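Raw contents of run37.cif, mmCIF, C-alpha atoms and all ligand atoms:
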data_coords
#
loop_
_atom_site.group_PDB
_atom_site.id
_atom_site.type_symbol
_atom_site.label_atom_id
_atom_site.label_comp_id
_atom_site.auth_asym_id
_atom_site.auth_seq_id
_atom_site.Cartn_x
_atom_site.Cartn_y
_atom_site.Cartn_z
ATOM 1 C CA MET A 1 55.255 -6.139 -29.961
ATOM 2 C CA PRO A 2 55.353 -3.006 -32.127
ATOM 3 C CA ILE A 3 56.964 -3.143 -35.562
ATOM 4 C CA PRO A 4 60.149 -0.992 -35.577
ATOM 5 C CA ILE A 5 60.287 1.928 -38.014
ATOM 6 C CA LEU A 6 63.776 3.165 -38.959
ATOM 7 C CA LYS A 7 64.548 6.564 -40.423
ATOM 8 C CA LEU A 8 67.181 6.918 -43.148
ATOM 9 C CA HIS A 9 67.590 10.430 -44.589
ATOM 10 C CA ASN A 10 64.079 11.337 -45.672
ATOM 11 C CA TYR A 11 62.926 7.733 -45.915
ATOM 12 C CA LEU A 12 61.334 5.407 -43.414
ATOM 13 C CA LEU A 13 62.306 1.729 -43.525
ATOM 14 C CA ILE A 14 60.276 -1.079 -42.049
ATOM 15 C CA SER A 15 61.127 -4.752 -42.099
ATOM 16 C CA ILE A 16 58.264 -6.863 -40.816
ATOM 17 C CA GLN A 17 59.839 -9.775 -38.932
ATOM 18 C CA THR A 18 57.046 -11.046 -36.738
ATOM 19 C CA GLU A 19 53.763 -12.815 -37.323
ATOM 20 C CA ILE A 20 51.268 -9.978 -37.805
ATOM 21 C CA ASP A 21 48.073 -10.199 -35.832
ATOM 22 C CA ASP A 22 45.247 -7.732 -36.441
ATOM 23 C CA GLN A 23 46.093 -5.502 -33.492
ATOM 24 C CA THR A 24 49.765 -5.230 -34.489
ATOM 25 C CA ALA A 25 48.702 -4.349 -38.028
ATOM 26 C CA ILE A 26 46.400 -1.545 -36.864
ATOM 27 C CA GLU A 27 49.012 -0.165 -34.461
ATOM 28 C CA PHE A 28 51.606 -0.237 -37.225
ATOM 29 C CA GLN A 29 49.267 1.748 -39.474
ATOM 30 C CA GLU A 30 48.891 4.449 -36.826
ATOM 31 C CA ASP A 31 52.607 4.473 -35.923
ATOM 32 C CA LEU A 32 53.682 4.834 -39.524
ATOM 33 C CA LEU A 33 51.336 7.739 -40.289
ATOM 34 C CA ASP A 34 52.484 9.441 -37.099
ATOM 35 C CA LYS A 35 56.160 8.947 -38.055
ATOM 36 C CA ILE A 36 55.544 10.300 -41.569
ATOM 37 C CA HIS A 37 53.933 13.368 -40.024
ATOM 38 C CA LYS A 38 56.709 13.926 -37.469
ATOM 39 C CA THR A 39 59.665 13.331 -39.784
ATOM 40 C CA GLY A 40 58.231 14.733 -43.015
ATOM 41 C CA ALA A 41 59.477 11.580 -44.760
ATOM 42 C CA SER A 42 58.849 11.530 -48.495
ATOM 43 C CA GLY A 43 59.278 7.805 -49.023
ATOM 44 C CA VAL A 44 58.622 4.548 -47.183
ATOM 45 C CA VAL A 45 59.835 1.011 -47.854
ATOM 46 C CA ILE A 46 57.969 -1.847 -46.187
ATOM 47 C CA ASP A 47 59.927 -5.076 -46.543
ATOM 48 C CA LEU A 48 57.832 -8.248 -46.381
ATOM 49 C CA THR A 49 60.604 -10.803 -47.010
ATOM 50 C CA SER A 50 59.942 -12.600 -43.702
ATOM 51 C CA VAL A 51 56.160 -12.548 -44.010
ATOM 52 C CA ASP A 52 54.828 -15.970 -44.994
ATOM 53 C CA ILE A 53 51.117 -15.178 -44.892
ATOM 54 C CA ILE A 54 49.020 -12.209 -45.970
ATOM 55 C CA ASP A 55 45.296 -12.763 -45.581
ATOM 56 C CA SER A 56 42.527 -10.380 -46.663
ATOM 57 C CA PHE A 57 42.628 -8.409 -43.422
ATOM 58 C CA ILE A 58 46.386 -7.765 -43.515
ATOM 59 C CA ALA A 59 46.112 -6.992 -47.239
ATOM 60 C CA LYS A 60 43.446 -4.404 -46.497
ATOM 61 C CA VAL A 61 45.580 -2.779 -43.793
ATOM 62 C CA LEU A 62 48.596 -2.677 -46.148
ATOM 63 C CA GLY A 63 46.513 -1.242 -49.003
ATOM 64 C CA ASP A 64 45.023 1.362 -46.667
ATOM 65 C CA VAL A 65 48.396 2.361 -45.256
ATOM 66 C CA VAL A 66 49.709 2.942 -48.787
ATOM 67 C CA ALA A 67 46.685 5.102 -49.684
ATOM 68 C CA MET A 68 46.864 7.045 -46.414
ATOM 69 C CA SER A 69 50.600 7.699 -46.748
ATOM 70 C CA ASP A 70 49.994 8.828 -50.301
ATOM 71 C CA LEU A 71 47.450 11.359 -49.068
ATOM 72 C CA MET A 72 50.067 12.682 -46.674
ATOM 73 C CA GLY A 73 52.584 13.026 -49.504
ATOM 74 C CA ALA A 74 54.757 9.961 -48.857
ATOM 75 C CA LYS A 75 55.268 7.239 -51.466
ATOM 76 C CA VAL A 76 55.293 3.644 -50.224
ATOM 77 C CA VAL A 77 57.034 0.694 -51.858
ATOM 78 C CA LEU A 78 56.331 -2.876 -50.723
ATOM 79 C CA THR A 79 59.295 -5.186 -51.160
ATOM 80 C CA GLY A 80 60.184 -8.852 -50.881
ATOM 81 C CA ILE A 81 56.718 -10.388 -51.254
ATOM 82 C CA GLN A 82 57.317 -14.174 -51.269
ATOM 83 C CA PRO A 83 56.146 -16.170 -54.316
ATOM 84 C CA ALA A 84 53.705 -18.219 -52.212
ATOM 85 C CA VAL A 85 52.259 -15.030 -50.730
ATOM 86 C CA ALA A 86 51.869 -13.429 -54.179
ATOM 87 C CA MET A 87 50.021 -16.528 -55.422
ATOM 88 C CA THR A 88 47.643 -16.740 -52.469
ATOM 89 C CA LEU A 89 46.868 -13.018 -52.683
ATOM 90 C CA ILE A 90 45.829 -13.298 -56.328
ATOM 91 C CA GLU A 91 43.760 -16.411 -55.595
ATOM 92 C CA LEU A 92 42.028 -14.524 -52.799
ATOM 93 C CA GLY A 93 41.155 -11.966 -55.468
ATOM 94 C CA ILE A 94 43.380 -9.238 -54.036
ATOM 95 C CA HIS A 95 45.384 -7.418 -56.658
ATOM 96 C CA LEU A 96 47.017 -4.562 -54.738
ATOM 97 C CA GLN A 97 46.585 -2.356 -57.786
ATOM 98 C CA ASN A 98 48.375 0.987 -57.962
ATOM 99 C CA ILE A 99 50.838 -0.170 -55.341
ATOM 100 C CA LEU A 100 54.558 0.156 -55.958
ATOM 101 C CA THR A 101 56.480 -3.042 -55.387
ATOM 102 C CA ALA A 102 60.080 -4.194 -55.782
ATOM 103 C CA LEU A 103 62.031 -7.411 -55.348
ATOM 104 C CA ASP A 104 64.045 -6.374 -52.320
ATOM 105 C CA LEU A 105 64.934 -3.460 -50.068
ATOM 106 C CA GLU A 106 67.684 -2.234 -52.382
ATOM 107 C CA GLN A 107 65.418 -2.257 -55.457
ATOM 108 C CA GLY A 108 62.755 -0.598 -53.334
ATOM 109 C CA LEU A 109 65.042 2.316 -52.538
ATOM 110 C CA ILE A 110 65.948 2.638 -56.225
ATOM 111 C CA LYS A 111 62.256 2.704 -57.081
ATOM 112 C CA LEU A 112 61.624 5.445 -54.523
ATOM 113 C CA HIS A 113 64.468 7.543 -55.967
ATOM 114 C CA GLN A 114 62.897 7.192 -59.432
ATOM 115 C CA GLU A 115 59.369 7.946 -58.204
ATOM 116 C CA LEU A 116 60.423 10.991 -56.270
ATOM 117 C CA GLY A 117 62.803 12.174 -58.973
ATOM 118 C CA VAL A 118 65.726 12.753 -56.625
ATOM 119 C CA MET B 1 50.583 -34.852 -34.440
ATOM 120 C CA THR B 2 47.224 -36.404 -33.729
ATOM 121 C CA PRO B 3 45.158 -37.105 -36.837
ATOM 122 C CA GLN B 4 42.304 -35.004 -35.469
ATOM 123 C CA SER B 5 42.401 -31.921 -33.277
ATOM 124 C CA PHE B 6 40.794 -28.538 -32.847
ATOM 125 C CA VAL B 7 41.344 -25.055 -31.484
ATOM 126 C CA THR B 8 38.806 -22.698 -29.995
ATOM 127 C CA VAL B 9 38.595 -19.249 -31.550
ATOM 128 C CA TYR B 10 37.339 -16.436 -29.368
ATOM 129 C CA LYS B 11 40.214 -13.945 -29.089
ATOM 130 C CA GLU B 12 41.837 -12.091 -31.929
ATOM 131 C CA TRP B 13 45.151 -13.843 -31.275
ATOM 132 C CA ASP B 14 43.456 -17.248 -31.799
ATOM 133 C CA ILE B 15 43.352 -16.392 -35.524
ATOM 134 C CA VAL B 16 47.169 -16.443 -35.573
ATOM 135 C CA GLY B 17 47.238 -19.665 -33.521
ATOM 136 C CA ALA B 18 44.740 -21.376 -35.825
ATOM 137 C CA ARG B 19 46.698 -20.584 -38.989
ATOM 138 C CA GLN B 20 50.035 -21.577 -37.406
ATOM 139 C CA ILE B 21 48.657 -25.032 -36.527
ATOM 140 C CA ALA B 22 47.311 -25.337 -40.075
ATOM 141 C CA ARG B 23 50.714 -24.564 -41.543
ATOM 142 C CA GLU B 24 52.479 -27.025 -39.220
ATOM 143 C CA MET B 25 50.077 -29.806 -40.121
ATOM 144 C CA ALA B 26 50.294 -28.986 -43.822
ATOM 145 C CA LYS B 27 54.082 -29.088 -43.669
ATOM 146 C CA GLU B 28 54.124 -32.441 -41.876
ATOM 147 C CA LEU B 29 51.702 -33.873 -44.408
ATOM 148 C CA GLY B 30 54.098 -32.998 -47.218
ATOM 149 C CA PHE B 31 52.299 -30.048 -48.817
ATOM 150 C CA ASN B 32 54.621 -27.765 -50.791
ATOM 151 C CA VAL B 33 55.319 -24.208 -49.614
ATOM 152 C CA VAL B 34 52.641 -22.653 -51.835
ATOM 153 C CA ASP B 35 49.967 -25.093 -50.637
ATOM 154 C CA GLN B 36 51.070 -24.490 -47.036
ATOM 155 C CA ALA B 37 50.461 -20.764 -47.600
ATOM 156 C CA ARG B 38 47.085 -21.472 -49.256
ATOM 157 C CA ILE B 39 45.927 -23.613 -46.338
ATOM 158 C CA ALA B 40 47.220 -21.208 -43.668
ATOM 159 C CA THR B 41 45.546 -18.285 -45.449
ATOM 160 C CA ALA B 42 42.238 -20.155 -45.787
ATOM 161 C CA VAL B 43 42.280 -21.016 -42.076
ATOM 162 C CA SER B 44 43.095 -17.408 -41.224
ATOM 163 C CA GLU B 45 40.013 -16.264 -43.179
ATOM 164 C CA LEU B 46 37.715 -18.866 -41.585
ATOM 165 C CA ALA B 47 39.004 -18.146 -38.063
ATOM 166 C CA ARG B 48 38.587 -14.399 -38.557
ATOM 167 C CA ASN B 49 35.025 -14.888 -39.757
ATOM 168 C CA ILE B 50 34.271 -16.868 -36.577
ATOM 169 C CA TYR B 51 35.847 -14.131 -34.448
ATOM 170 C CA LEU B 52 34.063 -11.309 -36.314
ATOM 171 C CA TYR B 53 30.623 -12.724 -36.981
ATOM 172 C CA ALA B 54 30.022 -15.536 -34.487
ATOM 173 C CA LYS B 55 32.276 -14.329 -31.622
ATOM 174 C CA GLU B 56 33.252 -17.902 -30.794
ATOM 175 C CA GLY B 57 33.723 -21.247 -32.482
ATOM 176 C CA GLN B 58 36.261 -23.915 -33.349
ATOM 177 C CA ILE B 59 38.594 -24.845 -36.129
ATOM 178 C CA HIS B 60 38.900 -28.624 -36.468
ATOM 179 C CA TYR B 61 41.784 -30.224 -38.336
ATOM 180 C CA GLU B 62 41.662 -33.734 -39.675
ATOM 181 C CA VAL B 63 44.100 -35.730 -41.759
ATOM 182 C CA VAL B 64 42.081 -37.556 -44.385
ATOM 183 C CA GLU B 65 43.341 -40.522 -46.351
ATOM 184 C CA THR B 66 41.794 -42.547 -49.117
ATOM 185 C CA MET B 67 43.260 -45.382 -51.191
ATOM 186 C CA ASN B 68 45.212 -43.051 -53.409
ATOM 187 C CA LYS B 69 45.275 -39.631 -51.787
ATOM 188 C CA LYS B 70 46.004 -37.825 -48.577
ATOM 189 C CA GLY B 71 44.854 -34.423 -47.461
ATOM 190 C CA LEU B 72 43.992 -31.981 -44.726
ATOM 191 C CA CYS B 73 40.356 -31.320 -43.907
ATOM 192 C CA VAL B 74 39.578 -28.130 -42.007
ATOM 193 C CA ARG B 75 36.185 -27.546 -40.454
ATOM 194 C CA ALA B 76 35.140 -24.154 -39.060
ATOM 195 C CA VAL B 77 32.229 -24.564 -36.670
ATOM 196 C CA ASP B 78 30.263 -21.862 -34.888
ATOM 197 C CA THR B 79 26.877 -21.369 -33.268
ATOM 198 C CA GLY B 80 26.678 -17.736 -34.365
ATOM 199 C CA PRO B 81 23.987 -15.916 -36.372
ATOM 200 C CA GLY B 82 24.233 -18.143 -39.447
ATOM 201 C CA ILE B 83 24.169 -16.954 -43.057
ATOM 202 C CA LYS B 84 20.896 -16.021 -44.762
ATOM 203 C CA ASP B 85 21.987 -15.957 -48.379
ATOM 204 C CA ILE B 86 24.919 -18.237 -49.206
ATOM 205 C CA SER B 87 25.196 -17.165 -52.851
ATOM 206 C CA LEU B 88 25.527 -13.536 -51.726
ATOM 207 C CA VAL B 89 28.377 -14.144 -49.248
ATOM 208 C CA MET B 90 30.193 -16.237 -51.880
ATOM 209 C CA GLN B 91 30.407 -13.178 -54.170
ATOM 210 C CA ASP B 92 33.765 -11.452 -54.368
ATOM 211 C CA GLY B 93 33.608 -8.136 -52.567
ATOM 212 C CA TYR B 94 30.486 -8.789 -50.497
ATOM 213 C CA SER B 95 31.058 -7.817 -46.870
ATOM 214 C CA THR B 96 28.827 -6.742 -44.005
ATOM 215 C CA SER B 97 31.785 -5.494 -41.966
ATOM 216 C CA GLY B 98 33.645 -3.177 -44.321
ATOM 217 C CA GLY B 99 36.105 -5.954 -45.131
ATOM 218 C CA LEU B 100 37.367 -6.847 -48.600
ATOM 219 C CA GLY B 101 34.738 -9.593 -48.946
ATOM 220 C CA ALA B 102 37.476 -11.854 -50.275
ATOM 221 C CA GLY B 103 37.384 -14.386 -47.452
ATOM 222 C CA LEU B 104 34.807 -17.011 -48.392
ATOM 223 C CA PRO B 105 35.206 -16.899 -52.195
ATOM 224 C CA GLY B 106 38.965 -16.845 -51.590
ATOM 225 C CA VAL B 107 38.882 -19.923 -49.351
ATOM 226 C CA LYS B 108 36.925 -21.755 -52.024
ATOM 227 C CA ARG B 109 39.615 -20.974 -54.612
ATOM 228 C CA LEU B 110 42.546 -21.720 -52.294
ATOM 229 C CA MET B 111 41.236 -25.150 -51.247
ATOM 230 C CA ASP B 112 40.122 -28.176 -53.323
ATOM 231 C CA GLU B 113 36.778 -28.913 -51.689
ATOM 232 C CA PHE B 114 34.395 -26.500 -50.013
ATOM 233 C CA ASP B 115 31.017 -26.903 -48.337
ATOM 234 C CA ILE B 116 28.841 -24.574 -46.223
ATOM 235 C CA GLN B 117 26.076 -25.745 -43.918
ATOM 236 C CA THR B 118 24.325 -22.881 -42.191
ATOM 237 C CA LYS B 119 21.060 -22.011 -40.529
ATOM 238 C CA VAL B 120 19.997 -18.543 -39.438
ATOM 239 C CA GLY B 121 20.016 -18.344 -35.642
ATOM 240 C CA GLU B 122 21.821 -21.655 -35.266
ATOM 241 C CA GLY B 123 25.272 -21.295 -36.751
ATOM 242 C CA THR B 124 27.582 -22.141 -39.578
ATOM 243 C CA THR B 125 29.852 -25.053 -40.416
ATOM 244 C CA ILE B 126 32.300 -24.717 -43.277
ATOM 245 C CA THR B 127 34.202 -27.833 -44.327
ATOM 246 C CA THR B 128 37.091 -27.546 -46.724
ATOM 247 C CA THR B 129 39.809 -29.945 -47.845
ATOM 248 C CA LYS B 130 43.104 -29.692 -49.667
ATOM 249 C CA TRP B 131 44.715 -32.775 -51.201
ATOM 250 C CA VAL B 132 48.450 -33.341 -51.311
ATOM 251 C CA ARG B 133 49.599 -33.284 -54.917
ATOM 252 C CA LEU B 134 51.506 -36.468 -55.651
HETATM 253 N N1 LIG C 201 30.808 -17.698 -39.687
HETATM 254 C C1 LIG C 201 29.960 -16.755 -40.163
HETATM 255 N N2 LIG C 201 28.772 -16.504 -39.540
HETATM 256 C C2 LIG C 201 27.935 -15.564 -40.014
HETATM 257 N N3 LIG C 201 28.179 -14.798 -41.104
HETATM 258 C C3 LIG C 201 29.342 -14.980 -41.760
HETATM 259 C C4 LIG C 201 30.294 -15.972 -41.334
HETATM 260 N N4 LIG C 201 31.353 -15.943 -42.186
HETATM 261 C C5 LIG C 201 31.066 -14.981 -43.094
HETATM 262 N N5 LIG C 201 29.862 -14.401 -42.851
HETATM 263 C C6 LIG C 201 29.226 -13.338 -43.665
HETATM 264 O O1 LIG C 201 29.737 -13.435 -44.985
HETATM 265 C C7 LIG C 201 30.285 -12.174 -45.403
HETATM 266 C C8 LIG C 201 31.452 -12.405 -46.342
HETATM 267 O O2 LIG C 201 32.544 -13.011 -45.652
HETATM 268 P P1 LIG C 201 34.007 -12.900 -46.249
HETATM 269 O O3 LIG C 201 33.963 -13.400 -47.647
HETATM 270 O O4 LIG C 201 34.927 -13.579 -45.315
HETATM 271 O O5 LIG C 201 34.295 -11.344 -46.321
HETATM 272 P P2 LIG C 201 34.545 -10.286 -45.123
HETATM 273 O O6 LIG C 201 34.887 -11.062 -43.881
HETATM 274 O O7 LIG C 201 35.656 -9.414 -45.615
HETATM 275 O O8 LIG C 201 33.251 -9.526 -44.951
HETATM 276 C C9 LIG C 201 30.640 -11.466 -44.116
HETATM 277 O O9 LIG C 201 30.675 -10.055 -44.268
HETATM 278 C C10 LIG C 201 29.526 -11.936 -43.163
HETATM 279 O O10 LIG C 201 28.360 -11.157 -43.343
HETATM 280 MG MG MG C 202 36.147 -12.684 -43.785
#
Could the structure of this file be written out as structure tokens, please?
Amino acid sequence: MPIPILKLHNYLLISIQTEIDDQTAIEFQEDLLDKIHKTGASGVVIDLTSVDIIDSFIAKVLGDVVAMSDLMGAKVVLTGIQPAVAMTLIELGIHLQNILTALDLEQGLIKLHQELGV
Amino acid sequence: MTPQSFVTVYKEWDIVGARQIAREMAKELGFNVVDQARIATAVSELARNIYLYAKEGQIHYEVVETMNKKGLCVRAVDTGPGIKDISLVMQDGYSTSGGLGAGLPGVKRLMDEFDIQTKVGEGTTITTTKWVRL
């Protein structure tokens, strides 16, 4: 099942609600880049509140999608990373450096406003 | 829940199945939420390695109990190509597939006990255990 991508003004909002398998993750990456291109969105919020596991593969896809969006001119903020997920990521040795994060969707939007200076 | 069970890993979706079973068992055994995530993540890494490098194998789950502790033992078994240099694959960042190379060293950190038995051309068995903190 594809992950829905909502458009709000010049932002794209994604709330990941399902268990992410590798195929879904790759398709999401492609869908998001395509949506950024089509809508000219300048900011993206990916909310991970419902995600209870991020392994090294999903972390790589997320890191890549942030870098790719950045190349296209869209800033990405990851929001709602659960405490247990944050701890396991660090123990895996994955630091998601240079990635914007915020506590929740609302804070994520505030962060985007600040980043984009609007 | 049976004290010992296994799943076969040969499709990509089996990785999700393997980690979901791990989380269920961890929850039933009384692991806290963070340890549940550690165990599920470790199993996800081991199952993906089977899928990527050996094509097929099994994840075995076993509840282990001693006089004063209880835990979950996970064994990833495959008859794939085996690993030539264990110390190399245990290094953070080493990957032959363009991955992050965080899997094996990560599993070792996430779990309490970790052992690799491997032979080139014969396969790999990784046994790892997490103990419930009392
Ligand atoms: N079950 C296995 N059989 C054969 N080789 C393996 C197996 N698991 C891991 N490896 C080797 O060890 C390397 C490191 O694995 P890992 O730490 O999980 O990182 P990654 O999967 O990102 O490459 C892999 O790139 C692969 O060469
Ligand atoms: Mg791996």
Translate the PyMOL selection byres ((chain B) within 10 of (chain A)), as applied to the file shown, into an explicit residue set as a PyMOL selection string.
-> chain B and resi 12-17+19-20+23+32-45+48+92-93+99-110
Give as a compact mmCIF listing (two decimals) with C-alpha atoms, in the frame of the given file the residues that the PyMOL selection byres (((chain A and resi 41) around 10) and not hetatm) matches when applied to the coordinates above.
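The resulting file, result39.txt, is reproduced below:
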# COMPACT_ATOMS: atom_id res chain seq x y z
CA LYS A 7 64.55 6.56 -40.42
CA LEU A 8 67.18 6.92 -43.15
CA HIS A 9 67.59 10.43 -44.59
CA ASN A 10 64.08 11.34 -45.67
CA TYR A 11 62.93 7.73 -45.92
CA LEU A 12 61.33 5.41 -43.41
CA LYS A 35 56.16 8.95 -38.06
CA ILE A 36 55.54 10.30 -41.57
CA HIS A 37 53.93 13.37 -40.02
CA LYS A 38 56.71 13.93 -37.47
CA THR A 39 59.66 13.33 -39.78
CA GLY A 40 58.23 14.73 -43.02
CA SER A 42 58.85 11.53 -48.50
CA GLY A 43 59.28 7.80 -49.02
CA VAL A 44 58.62 4.55 -47.18
CA SER A 69 50.60 7.70 -46.75
CA MET A 72 50.07 12.68 -46.67
CA GLY A 73 52.58 13.03 -49.50
CA ALA A 74 54.76 9.96 -48.86
CA LYS A 75 55.27 7.24 -51.47
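Reported to one decimal place, the separation of atom C8 of ligand LIG 201 (chain C) from CA of Leu62 in chain A is 19.7 Å.
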All file atoms of ligand LIG 201 (chain C) boxed axis-aligned, 4 Å per side, centre plus edges, as AutoDock Vina command-line options:
--center_x 31.8 --center_y -13.6 --center_z -43.6 --size_x 15.7 --size_y 16.3 --size_z 16.1
Would you name the residues within 9 Å of ligand LIG 201 (chain C), counting only C-alpha atoms and all ligand atoms, and put them as JSON, numbers by chain?
-> {"A": [56, 57], "B": [45, 46, 47, 48, 49, 50, 51, 52, 53, 54, 55, 57, 76, 77, 78, 79, 80, 81, 82, 83, 84, 85, 86, 88, 89, 90, 91, 92, 93, 94, 95, 96, 97, 98, 99, 100, 101, 102, 103, 104, 105, 106, 107, 118, 120, 123, 124, 125, 126]}
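For the pair CA of Val132 in chain B and CA of Gly30 in chain B, the separation is 7.0 Å.
This file, queried with the PyMOL selection byres (((chain B and resi 72) around 9) and not hetatm), gives the residues Ala22, Met25, Ala26, Leu29, Ile39, Tyr61, Glu62, Val63, Val64, Glu65, Lys70, Gly71, Cys73, Val74, Thr128, Thr129, Lys130, Trp131 and Val132 of chain B.
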Pairwise distance, CA of Arg75 in chain B with CA of Thr8 in chain B, equals 11.8 Å
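Using all atoms listed in the file, the shortest contact distance between ligand MG 202 (chain C) and any of A:Ile58, A:Ile14, A:Ile5, A:Val45 is found at A:Ile58.
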Using the structure just given, write a file holding N, CA, C and O atoms for range 92-109 of chain B, as a PDB file, in the first residue's frame.
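Printed below is part19.pdb as written:
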ATOM      1  N   ASP B  92      31.959  -1.139  11.780  1.00  0.00           N
ATOM      2  CA  ASP B  92      30.914  -0.193  11.403  1.00  0.00           C
ATOM      3  C   ASP B  92      31.214   0.360  10.015  1.00  0.00           C
ATOM      4  O   ASP B  92      32.326   0.802   9.748  1.00  0.00           O
ATOM      5  N   GLY B  93      30.211   0.310   9.159  1.00  0.00           N
ATOM      6  CA  GLY B  93      30.353   0.921   7.837  1.00  0.00           C
ATOM      7  C   GLY B  93      30.817  -0.033   6.760  1.00  0.00           C
ATOM      8  O   GLY B  93      30.827   0.332   5.587  1.00  0.00           O
ATOM      9  N   TYR B  94      31.197  -1.275   7.125  1.00  0.00           N
ATOM     10  CA  TYR B  94      31.629  -2.204   6.085  1.00  0.00           C
ATOM     11  C   TYR B  94      30.425  -2.870   5.447  1.00  0.00           C
ATOM     12  O   TYR B  94      29.625  -3.507   6.119  1.00  0.00           O
ATOM     13  N   SER B  95      30.295  -2.716   4.125  1.00  0.00           N
ATOM     14  CA  SER B  95      29.181  -3.329   3.407  1.00  0.00           C
ATOM     15  C   SER B  95      29.625  -3.740   2.015  1.00  0.00           C
ATOM     16  O   SER B  95      30.358  -3.014   1.355  1.00  0.00           O
ATOM     17  N   THR B  96      29.163  -4.905   1.572  1.00  0.00           N
ATOM     18  CA  THR B  96      29.457  -5.319   0.197  1.00  0.00           C
ATOM     19  C   THR B  96      28.271  -5.040  -0.717  1.00  0.00           C
ATOM     20  O   THR B  96      28.279  -5.401  -1.878  1.00  0.00           O
ATOM     21  N   SER B  97      27.229  -4.399  -0.169  1.00  0.00           N
ATOM     22  CA  SER B  97      26.015  -4.202  -0.973  1.00  0.00           C
ATOM     23  C   SER B  97      25.593  -2.738  -1.066  1.00  0.00           C
ATOM     24  O   SER B  97      24.476  -2.442  -1.475  1.00  0.00           O
ATOM     25  N   GLY B  98      26.485  -1.837  -0.670  1.00  0.00           N
ATOM     26  CA  GLY B  98      26.103  -0.422  -0.689  1.00  0.00           C
ATOM     27  C   GLY B  98      25.172  -0.055   0.451  1.00  0.00           C
ATOM     28  O   GLY B  98      24.511   0.976   0.422  1.00  0.00           O
ATOM     29  N   GLY B  99      25.101  -0.927   1.460  1.00  0.00           N
ATOM     30  CA  GLY B  99      24.281  -0.617   2.637  1.00  0.00           C
ATOM     31  C   GLY B  99      25.056   0.269   3.599  1.00  0.00           C
ATOM     32  O   GLY B  99      26.169   0.710   3.292  1.00  0.00           O
ATOM     33  N   LEU B 100      24.476   0.516   4.778  1.00  0.00           N
ATOM     34  CA  LEU B 100      25.157   1.365   5.756  1.00  0.00           C
ATOM     35  C   LEU B 100      26.234   0.592   6.516  1.00  0.00           C
ATOM     36  O   LEU B 100      27.053   1.179   7.216  1.00  0.00           O
ATOM     37  N   GLY B 101      26.217  -0.738   6.411  1.00  0.00           N
ATOM     38  CA  GLY B 101      27.202  -1.546   7.138  1.00  0.00           C
ATOM     39  C   GLY B 101      27.027  -1.438   8.642  1.00  0.00           C
ATOM     40  O   GLY B 101      27.959  -1.609   9.419  1.00  0.00           O
ATOM     41  N   ALA B 102      25.789  -1.148   9.051  1.00  0.00           N
ATOM     42  CA  ALA B 102      25.508  -0.969  10.480  1.00  0.00           C
ATOM     43  C   ALA B 102      24.859  -2.211  11.077  1.00  0.00           C
ATOM     44  O   ALA B 102      24.714  -2.307  12.290  1.00  0.00           O
ATOM     45  N   GLY B 103      24.485  -3.158  10.209  1.00  0.00           N
ATOM     46  CA  GLY B 103      23.694  -4.296  10.651  1.00  0.00           C
ATOM     47  C   GLY B 103      24.363  -5.144  11.726  1.00  0.00           C
ATOM     48  O   GLY B 103      23.911  -5.175  12.872  1.00  0.00           O
ATOM     49  N   LEU B 104      25.442  -5.830  11.369  1.00  0.00           N
ATOM     50  CA  LEU B 104      26.051  -6.767  12.312  1.00  0.00           C
ATOM     51  C   LEU B 104      26.629  -6.075  13.552  1.00  0.00           C
ATOM     52  O   LEU B 104      26.331  -6.491  14.677  1.00  0.00           O
ATOM     53  N   PRO B 105      27.447  -5.021  13.388  1.00  0.00           N
ATOM     54  CA  PRO B 105      27.926  -4.348  14.607  1.00  0.00           C
ATOM     55  C   PRO B 105      26.774  -3.777  15.431  1.00  0.00           C
ATOM     56  O   PRO B 105      26.828  -3.769  16.662  1.00  0.00           O
ATOM     57  N   GLY B 106      25.712  -3.354  14.737  1.00  0.00           N
ATOM     58  CA  GLY B 106      24.534  -2.825  15.427  1.00  0.00           C
ATOM     59  C   GLY B 106      23.831  -3.906  16.242  1.00  0.00           C
ATOM     60  O   GLY B 106      23.491  -3.688  17.405  1.00  0.00           O
ATOM     61  N   VAL B 107      23.652  -5.077  15.644  1.00  0.00           N
ATOM     62  CA  VAL B 107      22.990  -6.181  16.349  1.00  0.00           C
ATOM     63  C   VAL B 107      23.767  -6.514  17.617  1.00  0.00           C
ATOM     64  O   VAL B 107      23.195  -6.719  18.686  1.00  0.00           O
ATOM     65  N   LYS B 108      25.093  -6.513  17.488  1.00  0.00           N
ATOM     66  CA  LYS B 108      25.925  -6.841  18.649  1.00  0.00           C
ATOM     67  C   LYS B 108      25.695  -5.842  19.784  1.00  0.00           C
ATOM     68  O   LYS B 108      25.644  -6.216  20.952  1.00  0.00           O
ATOM     69  N   ARG B 109      25.539  -4.568  19.431  1.00  0.00           N
ATOM     70  CA  ARG B 109      25.311  -3.549  20.474  1.00  0.00           C
ATOM     71  C   ARG B 109      23.885  -3.595  21.041  1.00  0.00           C
ATOM     72  O   ARG B 109      23.659  -3.310  22.211  1.00  0.00           O
TER      73      ARG B 109
END
